[in-house]
Amino acid sequence: MIHQSTICAISSPLGMGGVALIRVSGPDAFSIVQLITKTNVTELKARSVAYCIIRWNDQVIDECVLSKFAGPASFTGEDVIEIACHGSIYIQQQIMTALIEHGATLAKPGEFTMRAYLNGKMDLTQAEAIADLIASEDRMAHNMAVRQMKGGISKTINELRQKLIDFASLIELELDFSEEDVEFADRDDLKSLVQGVIAYIEELIGSFSLGNAIKNGIPVAIVGRPNAGKSTLLNALLKENRAIVSDIAGTTRDTIEEKFNIQGVSYRLIDTAGIRLAQDDIEKIGIERSLEAAEKASIVIYLYDLNSNAPSDIDSDISHLNLREDQALIVVGNKLDQQNGNSSRASDHLFISAETGESVDELKELLSQKSQINPSSQDTTIISNVRHLEALKLALSDLQKVENGLNIGITGDLVAMDIRSSLRHLGSITGAISTDDLLGNIFGRFCIGK
Ligand SMILES: Nc1nc2c(ncn2[C@@H]2O[C@H](COP(=O)(O)OP(=O)(O)OP(=O)(O)O)[C@@H](O)[C@H]2O)c(=O)[nH]1
Ligand SMILES: [Mg+2]
């Protein structure tokens, strides 16, 4: 046990609720709670609950339920006791004050989880997964966090490290025998191993854009000319009157962003200012933002008015968007309900009425298809954490040096140095190698009480 202090925090959300949960962890957890409850906590069986009355300053504060977990078989690995009290803010504060007066200290954000990590209950990716789990808002983000919590990423990283450690040891053994000019580590084997690891790390790095989209929502920009019905479409997809709709061209002047969900996948839907020759400076800025939103989006919906936008204008608008290969485009003709017989219909466009809702479900279906999130690809490891991404990039650059070095036949000690450096970067992901700064950075972002 590394930590000697006993910490406490309110783990339930701030404010009033039916019930609140206060957590205490550390060597004095049981004795401190015993003092304020007069319940014989030491005698209480571990992993059991007990009714108690909390008294403080000669007053009954509340009737509560205690849950006892004896270390090391607890979340933090220390002695832990959880107090479920009534959710009044006053009661919560009184109990916290009583705990602190008896020697507990207020936990810092993420301190319970940090102790769990330091006591070997989980590695860093698993601890980070807990924060992701708490933040998850939809099925896909939740799935990804659960997989990471179960150790999905750690397993992948540890396998990579093990391969490299084996080779590094062979090379270092060679260095011990350097007088005798022997080669234990076959250079061709080493080269193909390094190439394999490089290819895999590149794949992991490549999975980040998907992981990030799952975590934060896939950005979808709705662009088009003024009055095409973009804001009406945003409202139809959200099923609420979020954006102002009017028949005045140039109604939307700034981008509006809202999250919504199709079949458990989150999208960040961005309504933009209609694109035309700006009438004033504010509109000009709005239009610049529209183009910026289109540039950053993974999926762009180009919306036009079936009755008033000419095909040549539509084509020129789309080509001016300059979409990249990794962006998907959905071209949608709107106001189907008003359509007169004359307007032409391109076969690869979707036709909807944002106002009546006709074919809006088909648009959702298309969004799902274009999002490329394939629920069946769940066995592959997906990176969603920027910290992991950065560490992988550093490890990759070291391994590229190893590969180059092997190609030009540099000496074993230099090869070993770069392999060791890549091992350090990979190790920082799981926390096999960690520093206080790194831990402060990670756990400082957690909520208090977790
Ligand atoms: N008949 C019909 N009218 C629609 C439809 N969609 C939008 N409109 C109307 O078209 C007008 C413009 O709609 P908006 O949603 O404000 O258009 P916009 O593209 O956001 O326009 P800007 O913000 O000015 O760029 C409004 O009067 C809407 O009621 C539709 O499907 N059918
Ligand atoms: Mg609008």
# chains A, B, ... in the order shown; residues from 1 in each chain; ligands from 1

$ closest_atom_pairs --of "chain A" --to "ligand 2" --cutoff "8 Å" --atoms "only C-alpha atoms and all ligand atoms" --output "tab-separated table"
residue	atom	partner	partner_atom_place_in_ligand_line	distance
A:Pro226	CA	ligand 2	1 (Mg)	7.0
A:Asn227	CA	ligand 2	1 (Mg)	6.8
A:Gly229	CA	ligand 2	1 (Mg)	6.6
A:Lys230	CA	ligand 2	1 (Mg)	5.3
A:Ser231	CA	ligand 2	1 (Mg)	4.1
A:Thr232	CA	ligand 2	1 (Mg)	7.2
A:Ala243	CA	ligand 2	1 (Mg)	7.0
A:Ile244	CA	ligand 2	1 (Mg)	6.6
A:Val245	CA	ligand 2	1 (Mg)	5.9
A:Ser246	CA	ligand 2	1 (Mg)	7.6
A:Gly250	CA	ligand 2	1 (Mg)	6.9
A:Thr251	CA	ligand 2	1 (Mg)	5.2
A:Thr252	CA	ligand 2	1 (Mg)	4.0
A:Arg253	CA	ligand 2	1 (Mg)	7.6
A:Asp271	CA	ligand 2	1 (Mg)	6.9
A:Thr272	CA	ligand 2	1 (Mg)	6.6
A:Ala273	CA	ligand 2	1 (Mg)	6.0
A:Gly274	CA	ligand 2	1 (Mg)	6.7

$ write_last_selection --atoms "C-alpha atoms" --output "short mmCIF file (atom, residue, chain, number, x, y, z; two decimals), in the first residue's frame"
data_model
loop_
_atom_site.label_atom_id
_atom_site.label_comp_id
_atom_site.auth_asym_id
_atom_site.auth_seq_id
_atom_site.Cartn_x
_atom_site.Cartn_y
_atom_site.Cartn_z
CA PRO A 226 -29.67 30.34 -48.93
CA ASN A 227 -33.26 29.16 -48.50
CA GLY A 229 -33.98 24.43 -46.32
CA LYS A 230 -30.81 23.58 -44.35
CA SER A 231 -32.14 24.81 -41.02
CA THR A 232 -35.46 23.08 -41.66
CA ALA A 243 -32.59 26.71 -35.72
CA ILE A 244 -34.54 29.71 -36.99
CA VAL A 245 -36.28 29.00 -40.29
CA SER A 246 -37.58 31.77 -42.54
CA GLY A 250 -29.50 34.52 -45.34
CA THR A 251 -31.42 33.63 -42.15
CA THR A 252 -28.65 31.52 -40.63
CA ARG A 253 -25.56 33.65 -40.14
CA ASP A 271 -26.15 23.83 -39.88
CA THR A 272 -24.38 26.57 -41.81
CA ALA A 273 -25.00 29.94 -43.41
CA GLY A 274 -26.23 29.68 -47.01
#

$ atom_distance --atom1 "CA of Arg147 (chain A)" --atom2 "CA of Ser209 (chain A)"
17.6 Å

$ closest_residue --among "A:Glu203, A:Glu63, A:Asp247, A:Glu292" --to "ligand 1" --atoms "only C-alpha atoms and all ligand atoms"
A:Asp247

$ closest_residue --among "A:Pro13, A:Gly357, A:Gly431, A:Gly211" --to "Ala141 (chain A)" --atoms "only C-alpha atoms"
A:Gly211

$ closest_residue --among "A:Met149, A:Gly196, A:Asn143, A:Lys215" --to "Ile130 (chain A)" --atoms "only C-alpha atoms"
A:Met149

$ select_by_dssp --residues "region 135-333 of chain A" --states "strand (DSSP E or B)" --output "PyMOL selection string"
chain A and resi 218-224+256-262+265-271+299-305+328-333

$ atom_distance --atom1 "CA of Ala249 (chain A)" --atom2 "CA of Gly224 (chain A)"
11.6 Å

$ residues_around --residues "region 328-337 of chain A" --least-positions-apart "5" --cutoff "6 Å" --atoms "only C-alpha atoms" --output "number ranges by chain"
A: 299-306, 349-353

$ write_last_selection --atoms "C-alpha atoms" --output "PDB file, in the first residue's frame"
ATOM      1  CA  ILE A 299     -19.794  13.793 -44.172  1.00  0.00           C
ATOM      2  CA  VAL A 300     -21.104  16.779 -46.133  1.00  0.00           C
ATOM      3  CA  ILE A 301     -24.788  17.050 -47.009  1.00  0.00           C
ATOM      4  CA  TYR A 302     -25.168  19.407 -49.955  1.00  0.00           C
ATOM      5  CA  LEU A 303     -28.802  20.521 -49.917  1.00  0.00           C
ATOM      6  CA  TYR A 304     -30.508  22.313 -52.774  1.00  0.00           C
ATOM      7  CA  ASP A 305     -34.016  23.506 -53.582  1.00  0.00           C
ATOM      8  CA  LEU A 306     -35.442  21.225 -56.265  1.00  0.00           C
ATOM      9  CA  HIS A 349     -29.359  12.486 -55.544  1.00  0.00           C
ATOM     10  CA  LEU A 350     -31.745  11.837 -52.705  1.00  0.00           C
ATOM     11  CA  PHE A 351     -35.055  13.712 -52.736  1.00  0.00           C
ATOM     12  CA  ILE A 352     -36.716  14.780 -49.532  1.00  0.00           C
ATOM     13  CA  SER A 353     -39.073  17.268 -48.013  1.00  0.00           C
TER      14      SER A 353
END

$ atom_distance --atom1 "CA of Arg161 (chain A)" --atom2 "CA of Ser74 (chain A)"
29.3 Å

$ closest_residue --among "A:Thr125, A:Ser422, A:Thr435, A:Asn307" --to "ligand 1" --atoms "only C-alpha atoms and all ligand atoms"
A:Asn307

$ residues_around --residues "Asn158 (chain A)" --least-positions-apart "6" --cutoff "9 Å" --atoms "only C-alpha atoms" --output "PyMOL selection string"
chain A and resi 426-427+430

$ write_last_selection --atoms "C-alpha atoms" --output "PDB file, in the first residue's frame"
ATOM      1  CA  LEU A 426       4.587   1.918 -25.813  1.00  0.00           C
ATOM      2  CA  GLY A 427       4.967   1.343 -22.073  1.00  0.00           C
ATOM      3  CA  THR A 430      -0.442   1.124 -20.382  1.00  0.00           C
TER       4      THR A 430
END

$ closest_residue --among "A:Leu175, A:Ala354, A:Leu439, A:Cys447" --to "ligand 1" --atoms "only C-alpha atoms and all ligand atoms"
A:Ala354

$ closest_residue --among "A:Asn212, A:Lys296, A:Leu193, A:Pro311" --to "Leu323 (chain A)" --atoms "only C-alpha atoms"
A:Lys296

$ residues_around --residues "Tyr90 (chain A)" --least-positions-apart "6" --cutoff "12 Å" --atoms "only C-alpha atoms" --output "ChimeraX atom specification"
/A:14-17,20,61-62,96-97

$ write_last_selection --atoms "C-alpha atoms" --output "PDB file, in the first residue's frame"
ATOM      1  CA  LEU A  14     -23.370  17.526  -7.240  1.00  0.00           C
ATOM      2  CA  GLY A  15     -26.692  18.754  -5.908  1.00  0.00           C
ATOM      3  CA  MET A  16     -29.822  17.257  -4.424  1.00  0.00           C
ATOM      4  CA  GLY A  17     -31.076  13.797  -5.299  1.00  0.00           C
ATOM      5  CA  ALA A  20     -26.169  10.437  -2.408  1.00  0.00           C
ATOM      6  CA  ILE A  61     -27.627  13.750  10.749  1.00  0.00           C
ATOM      7  CA  ASP A  62     -29.175  10.884   8.816  1.00  0.00           C
ATOM      8  CA  MET A  96     -18.160  15.197   4.710  1.00  0.00           C
ATOM      9  CA  THR A  97     -17.299  17.648   7.496  1.00  0.00           C
TER      10      THR A  97
END

$ select_by_dssp --residues "region 219-344 of chain A" --states "alpha helix (DSSP H)" --output "PDB file with N, CA and C atoms, in the first residue's frame"
ATOM      1  N   LYS A 230     -31.810  24.223 -45.212  1.00  0.00           N
ATOM      2  CA  LYS A 230     -30.808  23.576 -44.351  1.00  0.00           C
ATOM      3  C   LYS A 230     -31.246  23.568 -42.891  1.00  0.00           C
ATOM      4  N   SER A 231     -31.726  24.733 -42.428  1.00  0.00           N
ATOM      5  CA  SER A 231     -32.136  24.810 -41.017  1.00  0.00           C
ATOM      6  C   SER A 231     -33.378  23.967 -40.779  1.00  0.00           C
ATOM      7  N   THR A 232     -34.262  23.926 -41.774  1.00  0.00           N
ATOM      8  CA  THR A 232     -35.458  23.081 -41.657  1.00  0.00           C
ATOM      9  C   THR A 232     -35.033  21.611 -41.539  1.00  0.00           C
ATOM     10  N   LEU A 233     -33.999  21.240 -42.306  1.00  0.00           N
ATOM     11  CA  LEU A 233     -33.513  19.852 -42.253  1.00  0.00           C
ATOM     12  C   LEU A 233     -32.879  19.547 -40.892  1.00  0.00           C
ATOM     13  N   LEU A 234     -32.084  20.493 -40.384  1.00  0.00           N
ATOM     14  CA  LEU A 234     -31.485  20.289 -39.052  1.00  0.00           C
ATOM     15  C   LEU A 234     -32.597  20.030 -38.031  1.00  0.00           C
ATOM     16  N   ASN A 235     -33.616  20.871 -38.059  1.00  0.00           N
ATOM     17  CA  ASN A 235     -34.724  20.707 -37.109  1.00  0.00           C
ATOM     18  C   ASN A 235     -35.420  19.362 -37.301  1.00  0.00           C
ATOM     19  N   ALA A 236     -35.578  18.956 -38.563  1.00  0.00           N
ATOM     20  CA  ALA A 236     -36.267  17.688 -38.836  1.00  0.00           C
ATOM     21  C   ALA A 236     -35.452  16.517 -38.282  1.00  0.00           C
ATOM     22  N   LEU A 237     -34.123  16.566 -38.455  1.00  0.00           N
ATOM     23  CA  LEU A 237     -33.284  15.466 -37.964  1.00  0.00           C
ATOM     24  C   LEU A 237     -33.253  15.441 -36.441  1.00  0.00           C
ATOM     25  N   LEU A 238     -33.224  16.636 -35.834  1.00  0.00           N
ATOM     26  CA  LEU A 238     -33.190  16.700 -34.370  1.00  0.00           C
ATOM     27  C   LEU A 238     -34.564  16.489 -33.755  1.00  0.00           C
ATOM     28  N   ASP A 281     -20.516  42.254 -44.175  1.00  0.00           N
ATOM     29  CA  ASP A 281     -19.323  41.642 -43.584  1.00  0.00           C
ATOM     30  C   ASP A 281     -19.648  40.464 -42.678  1.00  0.00           C
ATOM     31  N   ILE A 282     -20.754  40.577 -41.919  1.00  0.00           N
ATOM     32  CA  ILE A 282     -21.103  39.493 -40.998  1.00  0.00           C
ATOM     33  C   ILE A 282     -21.458  38.247 -41.795  1.00  0.00           C
ATOM     34  N   GLU A 283     -22.226  38.433 -42.846  1.00  0.00           N
ATOM     35  CA  GLU A 283     -22.585  37.272 -43.664  1.00  0.00           C
ATOM     36  C   GLU A 283     -21.323  36.647 -44.273  1.00  0.00           C
ATOM     37  N   LYS A 284     -20.384  37.517 -44.632  1.00  0.00           N
ATOM     38  CA  LYS A 284     -19.146  37.028 -45.244  1.00  0.00           C
ATOM     39  C   LYS A 284     -18.422  36.089 -44.266  1.00  0.00           C
ATOM     40  N   ILE A 285     -18.361  36.514 -42.986  1.00  0.00           N
ATOM     41  CA  ILE A 285     -17.701  35.671 -41.979  1.00  0.00           C
ATOM     42  C   ILE A 285     -18.468  34.364 -41.830  1.00  0.00           C
ATOM     43  N   GLY A 286     -19.820  34.476 -41.808  1.00  0.00           N
ATOM     44  CA  GLY A 286     -20.668  33.283 -41.693  1.00  0.00           C
ATOM     45  C   GLY A 286     -20.380  32.295 -42.811  1.00  0.00           C
ATOM     46  N   ILE A 287     -20.252  32.809 -44.018  1.00  0.00           N
ATOM     47  CA  ILE A 287     -20.018  31.918 -45.170  1.00  0.00           C
ATOM     48  C   ILE A 287     -18.634  31.266 -45.080  1.00  0.00           C
ATOM     49  N   GLU A 288     -17.663  32.069 -44.600  1.00  0.00           N
ATOM     50  CA  GLU A 288     -16.338  31.460 -44.399  1.00  0.00           C
ATOM     51  C   GLU A 288     -16.427  30.301 -43.408  1.00  0.00           C
ATOM     52  N   ARG A 289     -17.245  30.505 -42.378  1.00  0.00           N
ATOM     53  CA  ARG A 289     -17.416  29.430 -41.380  1.00  0.00           C
ATOM     54  C   ARG A 289     -18.116  28.221 -41.991  1.00  0.00           C
ATOM     55  N   SER A 290     -19.045  28.463 -42.922  1.00  0.00           N
ATOM     56  CA  SER A 290     -19.724  27.350 -43.592  1.00  0.00           C
ATOM     57  C   SER A 290     -18.695  26.492 -44.325  1.00  0.00           C
ATOM     58  N   LEU A 291     -17.793  27.171 -45.039  1.00  0.00           N
ATOM     59  CA  LEU A 291     -16.806  26.432 -45.830  1.00  0.00           C
ATOM     60  C   LEU A 291     -15.832  25.693 -44.911  1.00  0.00           C
ATOM     61  N   GLU A 292     -15.515  26.334 -43.793  1.00  0.00           N
ATOM     62  CA  GLU A 292     -14.643  25.698 -42.798  1.00  0.00           C
ATOM     63  C   GLU A 292     -15.318  24.443 -42.231  1.00  0.00           C
ATOM     64  N   ALA A 293     -16.623  24.556 -41.923  1.00  0.00           N
ATOM     65  CA  ALA A 293     -17.365  23.408 -41.379  1.00  0.00           C
ATOM     66  C   ALA A 293     -17.363  22.266 -42.386  1.00  0.00           C
ATOM     67  N   ALA A 294     -17.518  22.617 -43.668  1.00  0.00           N
ATOM     68  CA  ALA A 294     -17.518  21.576 -44.712  1.00  0.00           C
ATOM     69  C   ALA A 294     -16.151  20.913 -44.767  1.00  0.00           C
ATOM     70  N   GLU A 295     -15.106  21.717 -44.575  1.00  0.00           N
ATOM     71  CA  GLU A 295     -13.754  21.175 -44.663  1.00  0.00           C
ATOM     72  C   GLU A 295     -13.467  20.207 -43.518  1.00  0.00           C
ATOM     73  N   LYS A 296     -14.019  20.517 -42.332  1.00  0.00           N
ATOM     74  CA  LYS A 296     -13.737  19.680 -41.165  1.00  0.00           C
ATOM     75  C   LYS A 296     -14.664  18.479 -41.057  1.00  0.00           C
ATOM     76  N   PRO A 311     -29.269  23.049 -62.105  1.00  0.00           N
ATOM     77  CA  PRO A 311     -28.252  21.985 -62.066  1.00  0.00           C
ATOM     78  C   PRO A 311     -26.828  22.509 -62.243  1.00  0.00           C
ATOM     79  N   SER A 312     -26.653  23.525 -63.093  1.00  0.00           N
ATOM     80  CA  SER A 312     -25.279  24.007 -63.307  1.00  0.00           C
ATOM     81  C   SER A 312     -24.749  24.679 -62.033  1.00  0.00           C
ATOM     82  N   ASP A 313     -25.636  25.373 -61.301  1.00  0.00           N
ATOM     83  CA  ASP A 313     -25.219  25.999 -60.039  1.00  0.00           C
ATOM     84  C   ASP A 313     -24.848  24.931 -59.014  1.00  0.00           C
ATOM     85  N   ILE A 314     -25.668  23.869 -58.981  1.00  0.00           N
ATOM     86  CA  ILE A 314     -25.420  22.785 -58.022  1.00  0.00           C
ATOM     87  C   ILE A 314     -24.041  22.184 -58.279  1.00  0.00           C
ATOM     88  N   ASP A 315     -23.772  21.889 -59.570  1.00  0.00           N
ATOM     89  CA  ASP A 315     -22.476  21.287 -59.904  1.00  0.00           C
ATOM     90  C   ASP A 315     -21.328  22.217 -59.528  1.00  0.00           C
ATOM     91  N   SER A 316     -21.493  23.494 -59.820  1.00  0.00           N
ATOM     92  CA  SER A 316     -20.362  24.390 -59.537  1.00  0.00           C
ATOM     93  C   SER A 316     -20.185  24.571 -58.027  1.00  0.00           C
ATOM     94  N   ASP A 317     -21.301  24.623 -57.284  1.00  0.00           N
ATOM     95  CA  ASP A 317     -21.181  24.699 -55.812  1.00  0.00           C
ATOM     96  C   ASP A 317     -20.392  23.509 -55.284  1.00  0.00           C
ATOM     97  N   ILE A 318     -20.766  22.311 -55.759  1.00  0.00           N
ATOM     98  CA  ILE A 318     -20.135  21.092 -55.226  1.00  0.00           C
ATOM     99  C   ILE A 318     -18.643  21.085 -55.560  1.00  0.00           C
ATOM    100  N   SER A 319     -18.302  21.501 -56.763  1.00  0.00           N
ATOM    101  CA  SER A 319     -16.876  21.447 -57.095  1.00  0.00           C
ATOM    102  C   SER A 319     -16.103  22.502 -56.282  1.00  0.00           C
ATOM    103  N   HIS A 320     -16.777  23.611 -55.939  1.00  0.00           N
ATOM    104  CA  HIS A 320     -16.096  24.616 -55.121  1.00  0.00           C
ATOM    105  C   HIS A 320     -15.863  24.170 -53.679  1.00  0.00           C
TER     106      HIS A 320
END
